[in-house]
Amino acid sequence: MHYPLHLDIIQGLARHPASISPKYFYDQRGSRLFEEITRLPEYYPTRTESALMQTHGEEIARAIATCSTVIEPGAGNCEKARRLCELLRPERFVGLDISADFLREGVARLGAAMPGLQAQAVAGDITRPIVLPLDIPRAKRLVFYPGSSIGNFDPLQARQLLANLRSLVDADGGLLVGVDLRKDVEVLEAAYDDAAGVTAAFNLNVLAHVNRLIGSDFTPEGWLHRAFFNDGASRIEMHLEARAPIRVNWPGGERDFAPGERIHTENSYKYTLPSFSALLASAGFSRMQAWTDAQGWYAMVHARP
């Protein structure tokens, strides 16, 4: 039985309202669905970040100056790291991700595309203390955290994660992080509730993954995808809503859900540059420089200890 290893899932399901951590989106199918999301017309973050890196990449590389190791938490398919590694020409790349098989495929592709690069995959949960192999030198490390994934964490969790990332670098290293900025609600909500239903499939897939992890009997067809902007908290929220009365069982427990009752699966916080700079400072970073797209929708922020 696997469920003791995933006690956080059971604890989340027992809460009122119930919740499932977004890290459980990323089994192999979830990772591939997210890749599909990034290509949707409504989903602006990936293409905006990509265009920003194309426009400002060389300037960003000059600001970073020297880098021996690029470390990417939540590396996924490693495609974003390829552009950065082409600019910086580091000696090694270390990809971290909870979806180990998907990560290894991405690292293998990156290594094949850049034969001089020592590319390494490290499976792990970045929401926990990050432990790297001992043979990775500490000098001149750059932690690369693109994709605005920092927005998936509430402010206290985000500060702790940024502090964990800060612990990976010395004074000669730094962090390059993608940040989604506040913008029109219509643009935000469409990005998380696309017309083709890919984001809905991605959200519902978490139930199938949870079934495998804890032995539960969720029926994804019994749930609806919901996404909306919470202005007061400055975040997009994603939920799964019960279509009818549902009882969910797992070894050692159960939970009844009423029609319309929700499971909170994800937040995506949207920042202003001043609010994000303050968050970085609280996590131990003191020198920051930001680049934004022409619309001011997105930022890449370079921060040093």
# chains A, B, ... in the order shown; residues from 1 in each chain; ligands from 1
$ closest_atom_pairs --of "region 91-120 of chain A" --to "region 25-45 of chain A" --cutoff "9 Å" --atoms "only C-alpha atoms" --output "Markdown table"
| residue | atom | partner | partner_atom | distance |
| --- | --- | --- | --- | --- |
| A:Ile98 | CA | A:Tyr26 | CA | 7.4 |
| A:Ser99 | CA | A:Asp27 | CA | 5.8 |
| A:Ala100 | CA | A:Gln28 | CA | 8.8 |
| A:Asp101 | CA | A:Gln28 | CA | 7.4 |
| A:Phe102 | CA | A:Gln28 | CA | 6.3 |
$ select_by_dssp --residues "region 136-184 of chain A" --states "helix (DSSP H, G or I)" --output "list in words"
Ser149, Ile150, Gly151, Asn152, Pro155, Leu156, Gln157, Ala158, Arg159, Gln160, Leu161, Leu162, Ala163, Asn164, Leu165 and Arg166 of chain A
$ write_last_selection --atoms "N, CA and C atoms" --output "compact mmCIF listing (two decimals), in the first residue's frame"
# COMPACT_ATOMS: atom_id res chain seq x y z
N SER A 149 6.18 29.49 -12.22
CA SER A 149 5.74 28.48 -11.25
C SER A 149 5.76 28.97 -9.82
N ILE A 150 6.55 30.02 -9.54
CA ILE A 150 6.58 30.59 -8.19
C ILE A 150 5.18 31.05 -7.79
N GLY A 151 4.33 31.38 -8.77
CA GLY A 151 2.97 31.81 -8.47
C GLY A 151 2.08 30.72 -7.92
N ASN A 152 2.51 29.44 -8.01
CA ASN A 152 1.69 28.35 -7.49
C ASN A 152 1.73 28.25 -5.97
N PRO A 155 2.16 33.26 -0.50
CA PRO A 155 3.33 34.09 -0.19
C PRO A 155 4.29 33.49 0.83
N LEU A 156 3.79 32.85 1.88
CA LEU A 156 4.69 32.24 2.87
C LEU A 156 5.44 31.06 2.27
N GLN A 157 4.74 30.22 1.51
CA GLN A 157 5.40 29.09 0.85
C GLN A 157 6.40 29.57 -0.19
N ALA A 158 6.03 30.63 -0.92
CA ALA A 158 6.94 31.16 -1.95
C ALA A 158 8.22 31.70 -1.31
N ARG A 159 8.07 32.38 -0.19
CA ARG A 159 9.26 32.89 0.50
C ARG A 159 10.15 31.74 0.95
N GLN A 160 9.55 30.65 1.47
CA GLN A 160 10.34 29.50 1.91
C GLN A 160 11.03 28.83 0.73
N LEU A 161 10.31 28.67 -0.40
CA LEU A 161 10.94 28.07 -1.58
C LEU A 161 12.09 28.93 -2.08
N LEU A 162 11.87 30.24 -2.16
CA LEU A 162 12.95 31.13 -2.60
C LEU A 162 14.14 31.08 -1.64
N ALA A 163 13.87 30.93 -0.35
CA ALA A 163 14.96 30.79 0.62
C ALA A 163 15.70 29.47 0.39
N ASN A 164 14.97 28.40 0.06
CA ASN A 164 15.61 27.12 -0.26
C ASN A 164 16.50 27.26 -1.50
N LEU A 165 16.00 27.98 -2.50
CA LEU A 165 16.79 28.20 -3.72
C LEU A 165 18.01 29.07 -3.41
N ARG A 166 17.81 30.06 -2.53
CA ARG A 166 18.94 30.91 -2.12
C ARG A 166 20.04 30.06 -1.48
$ closest_atom_pairs --of "region 121-221 of chain A" --to "region 57-80 of chain A" --cutoff "8 Å" --atoms "only C-alpha atoms" --output "Markdown table"
| residue | atom | partner | partner_atom | distance |
| --- | --- | --- | --- | --- |
| A:Ile126 | CA | A:Pro73 | CA | 6.6 |
| A:Pro137 | CA | A:Thr69 | CA | 7.9 |
| A:Ala139 | CA | A:Ser68 | CA | 7.1 |
| A:Lys140 | CA | A:Cys67 | CA | 5.0 |
| A:Arg141 | CA | A:Thr69 | CA | 4.8 |
| A:Leu142 | CA | A:Val70 | CA | 4.9 |
| A:Val143 | CA | A:Ile71 | CA | 4.7 |
| A:Phe144 | CA | A:Glu72 | CA | 4.8 |
| A:Tyr145 | CA | A:Glu72 | CA | 5.9 |
| A:Pro146 | CA | A:Lys80 | CA | 7.5 |
| A:Gly173 | CA | A:Cys67 | CA | 7.5 |
| A:Gly174 | CA | A:Ile64 | CA | 7.8 |
$ write_last_selection --atoms "C-alpha atoms" --output "PDB file, in the first residue's frame"
ATOM      1  CA  ILE A 126      11.205  20.990  -4.779  1.00  0.00           C
ATOM      2  CA  PRO A 137      30.517  22.459  -7.440  1.00  0.00           C
ATOM      3  CA  ALA A 139      30.875  28.068  -7.468  1.00  0.00           C
ATOM      4  CA  LYS A 140      28.994  30.248  -9.957  1.00  0.00           C
ATOM      5  CA  ARG A 141      25.656  28.447  -9.829  1.00  0.00           C
ATOM      6  CA  LEU A 142      22.560  29.945 -11.437  1.00  0.00           C
ATOM      7  CA  VAL A 143      19.158  28.676 -10.330  1.00  0.00           C
ATOM      8  CA  PHE A 144      16.794  29.022 -13.284  1.00  0.00           C
ATOM      9  CA  TYR A 145      13.106  28.960 -12.330  1.00  0.00           C
ATOM     10  CA  PRO A 146      11.076  29.968 -15.408  1.00  0.00           C
ATOM     11  CA  GLY A 173      25.721  32.834  -7.970  1.00  0.00           C
ATOM     12  CA  GLY A 174      22.158  33.932  -8.491  1.00  0.00           C
TER      13      GLY A 174
END
$ closest_residue --among "A:Gln118, A:Arg138, A:Gly124, A:Tyr298" --to "Ser167 (chain A)" --atoms "only C-alpha atoms"
A:Arg138
$ residues_around --residues "Ala201 (chain A)" --least-positions-apart "2" --cutoff "12 Å" --atoms "only C-alpha atoms" --output "PDB file with C-alpha atoms, in the first residue's frame"
ATOM      1  CA  PHE A  25      -0.675  17.332 -11.524  1.00  0.00           C
ATOM      2  CA  ARG A  29       0.109  12.321 -18.668  1.00  0.00           C
ATOM      3  CA  GLY A  30      -0.202  15.527 -16.654  1.00  0.00           C
ATOM      4  CA  SER A  31       3.232  16.683 -17.792  1.00  0.00           C
ATOM      5  CA  ARG A  32       2.298  16.084 -21.433  1.00  0.00           C
ATOM      6  CA  LEU A  33      -1.056  17.855 -21.008  1.00  0.00           C
ATOM      7  CA  PHE A  34       0.759  20.838 -19.547  1.00  0.00           C
ATOM      8  CA  GLU A  36      -0.139  21.070 -24.692  1.00  0.00           C
ATOM      9  CA  ILE A  37      -1.490  23.910 -22.529  1.00  0.00           C
ATOM     10  CA  TYR A 192      -6.787  28.869 -17.168  1.00  0.00           C
ATOM     11  CA  ASP A 193     -10.079  27.846 -18.793  1.00  0.00           C
ATOM     12  CA  ASP A 194      -9.346  27.410 -22.506  1.00  0.00           C
ATOM     13  CA  ALA A 195     -12.012  26.809 -25.130  1.00  0.00           C
ATOM     14  CA  ALA A 196     -10.547  23.419 -26.151  1.00  0.00           C
ATOM     15  CA  GLY A 197     -10.797  22.046 -22.600  1.00  0.00           C
ATOM     16  CA  VAL A 198      -7.139  21.083 -22.284  1.00  0.00           C
ATOM     17  CA  THR A 199      -6.755  22.805 -18.899  1.00  0.00           C
ATOM     18  CA  ASN A 203      -7.030  19.519 -13.757  1.00  0.00           C
ATOM     19  CA  LEU A 204      -9.170  16.355 -13.833  1.00  0.00           C
ATOM     20  CA  ASN A 205      -6.128  14.152 -14.466  1.00  0.00           C
ATOM     21  CA  VAL A 206      -4.940  14.867 -10.930  1.00  0.00           C
ATOM     22  CA  LEU A 207      -7.737  12.597  -9.675  1.00  0.00           C
ATOM     23  CA  ALA A 208      -6.479   9.646 -11.721  1.00  0.00           C
ATOM     24  CA  PRO A 220     -12.958  12.060 -12.898  1.00  0.00           C
ATOM     25  CA  GLU A 221     -16.172  12.170 -14.958  1.00  0.00           C
ATOM     26  CA  TRP A 223     -16.190  16.469 -11.473  1.00  0.00           C
ATOM     27  CA  LEU A 224     -16.133  19.843 -13.238  1.00  0.00           C
ATOM     28  CA  HIS A 225     -13.151  22.141 -13.830  1.00  0.00           C
ATOM     29  CA  ARG A 226     -13.527  25.640 -12.347  1.00  0.00           C
ATOM     30  CA  LEU A 240     -12.713  20.609  -9.098  1.00  0.00           C
TER      31      LEU A 240
END
$ closest_residue --among "A:His209, A:Arg104, A:Lys23, A:His264" --to "Arg128 (chain A)" --atoms "only C-alpha atoms"
A:Lys23
$ atom_distance --atom1 "CA of Ala233 (chain A)" --atom2 "CA of Tyr271 (chain A)"
10.3 Å
$ closest_residue --among "A:Gly222, A:Pro17, A:Pro133, A:Gly178" --to "Thr48 (chain A)" --atoms "only C-alpha atoms"
A:Gly178
$ select_by_dssp --residues "region 151-228 of chain A" --states "strand (DSSP E or B)" --output "MDAnalysis selection string"
chainID A and resid 174:181 223:228
$ write_last_selection --atoms "N, CA and C atoms" --output "mmCIF file, in the first residue's frame"
data_model
loop_
_atom_site.group_PDB
_atom_site.id
_atom_site.type_symbol
_atom_site.label_atom_id
_atom_site.label_comp_id
_atom_site.auth_asym_id
_atom_site.auth_seq_id
_atom_site.Cartn_x
_atom_site.Cartn_y
_atom_site.Cartn_z
ATOM 1 N N GLY A 174 23.378 33.138 -8.440
ATOM 2 C CA GLY A 174 22.158 33.932 -8.491
ATOM 3 C C GLY A 174 20.957 33.111 -8.902
ATOM 4 N N LEU A 175 19.852 33.819 -9.095
ATOM 5 C CA LEU A 175 18.557 33.239 -9.448
ATOM 6 C C LEU A 175 17.993 34.007 -10.641
ATOM 7 N N LEU A 176 17.479 33.286 -11.630
ATOM 8 C CA LEU A 176 16.728 33.889 -12.727
ATOM 9 C C LEU A 176 15.339 33.263 -12.701
ATOM 10 N N VAL A 177 14.322 34.092 -12.426
ATOM 11 C CA VAL A 177 12.980 33.570 -12.165
ATOM 12 C C VAL A 177 11.953 34.277 -13.040
ATOM 13 N N GLY A 178 11.002 33.502 -13.576
ATOM 14 C CA GLY A 178 9.902 34.055 -14.358
ATOM 15 C C GLY A 178 8.727 34.400 -13.463
ATOM 16 N N VAL A 179 8.130 35.578 -13.688
ATOM 17 C CA VAL A 179 7.068 36.074 -12.814
ATOM 18 C C VAL A 179 5.912 36.579 -13.674
ATOM 19 N N ASP A 180 4.719 36.047 -13.425
ATOM 20 C CA ASP A 180 3.525 36.520 -14.124
ATOM 21 C C ASP A 180 2.980 37.733 -13.382
ATOM 22 N N LEU A 181 2.719 38.809 -14.130
ATOM 23 C CA LEU A 181 2.286 40.072 -13.533
ATOM 24 C C LEU A 181 0.777 40.245 -13.654
ATOM 25 N N TRP A 223 -16.686 15.175 -11.943
ATOM 26 C CA TRP A 223 -16.190 16.469 -11.473
ATOM 27 C C TRP A 223 -16.087 17.462 -12.620
ATOM 28 N N LEU A 224 -16.230 18.739 -12.280
ATOM 29 C CA LEU A 224 -16.133 19.843 -13.238
ATOM 30 C C LEU A 224 -14.905 20.694 -12.924
ATOM 31 N N HIS A 225 -14.259 21.201 -13.969
ATOM 32 C CA HIS A 225 -13.151 22.141 -13.830
ATOM 33 C C HIS A 225 -13.684 23.553 -13.616
ATOM 34 N N ARG A 226 -13.172 24.246 -12.600
ATOM 35 C CA ARG A 226 -13.527 25.640 -12.347
ATOM 36 C C ARG A 226 -12.245 26.462 -12.199
ATOM 37 N N ALA A 227 -12.214 27.641 -12.823
ATOM 38 C CA ALA A 227 -11.071 28.544 -12.694
ATOM 39 C C ALA A 227 -11.567 29.982 -12.693
ATOM 40 N N PHE A 228 -11.053 30.814 -11.771
ATOM 41 C CA PHE A 228 -11.473 32.210 -11.683
ATOM 42 C C PHE A 228 -10.401 33.023 -10.974
#
$ closest_residue --among "A:Arg89, A:Arg262, A:His6, A:Arg15" --to "Val210 (chain A)" --atoms "only C-alpha atoms"
A:His6
$ residues_around --residues "Ala14 (chain A)" --least-positions-apart "5" --cutoff "10 Å" --atoms "only C-alpha atoms" --output "CSV table (one decimal) with N, CA and C atoms, in the first residue's frame"
chain,number,residue,atom,x,y,z
A,8,ASP,N,0.1,13.6,2.9
A,8,ASP,CA,-0.4,15.0,2.6
A,8,ASP,C,-1.6,15.0,1.7
A,9,ILE,N,-1.8,14.0,0.8
A,9,ILE,CA,-3.0,14.0,0.0
A,9,ILE,C,-4.2,13.7,0.9
A,19,SER,N,-8.4,19.9,-0.5
A,19,SER,CA,-7.4,20.4,-1.4
A,19,SER,C,-6.5,19.3,-1.8
A,253,GLY,N,-9.9,5.2,4.9
A,253,GLY,CA,-10.7,6.5,5.0
A,253,GLY,C,-11.7,6.7,3.8
A,254,GLU,N,-12.5,7.7,4.0
A,254,GLU,CA,-13.5,8.1,3.0
A,254,GLU,C,-13.9,9.6,3.2
A,255,ARG,N,-14.5,10.1,2.2
A,255,ARG,CA,-15.0,11.5,2.2
A,255,ARG,C,-16.2,11.7,1.4
A,256,ASP,N,-17.3,12.2,1.9
A,256,ASP,CA,-18.5,12.5,1.1
A,256,ASP,C,-18.4,14.0,0.6
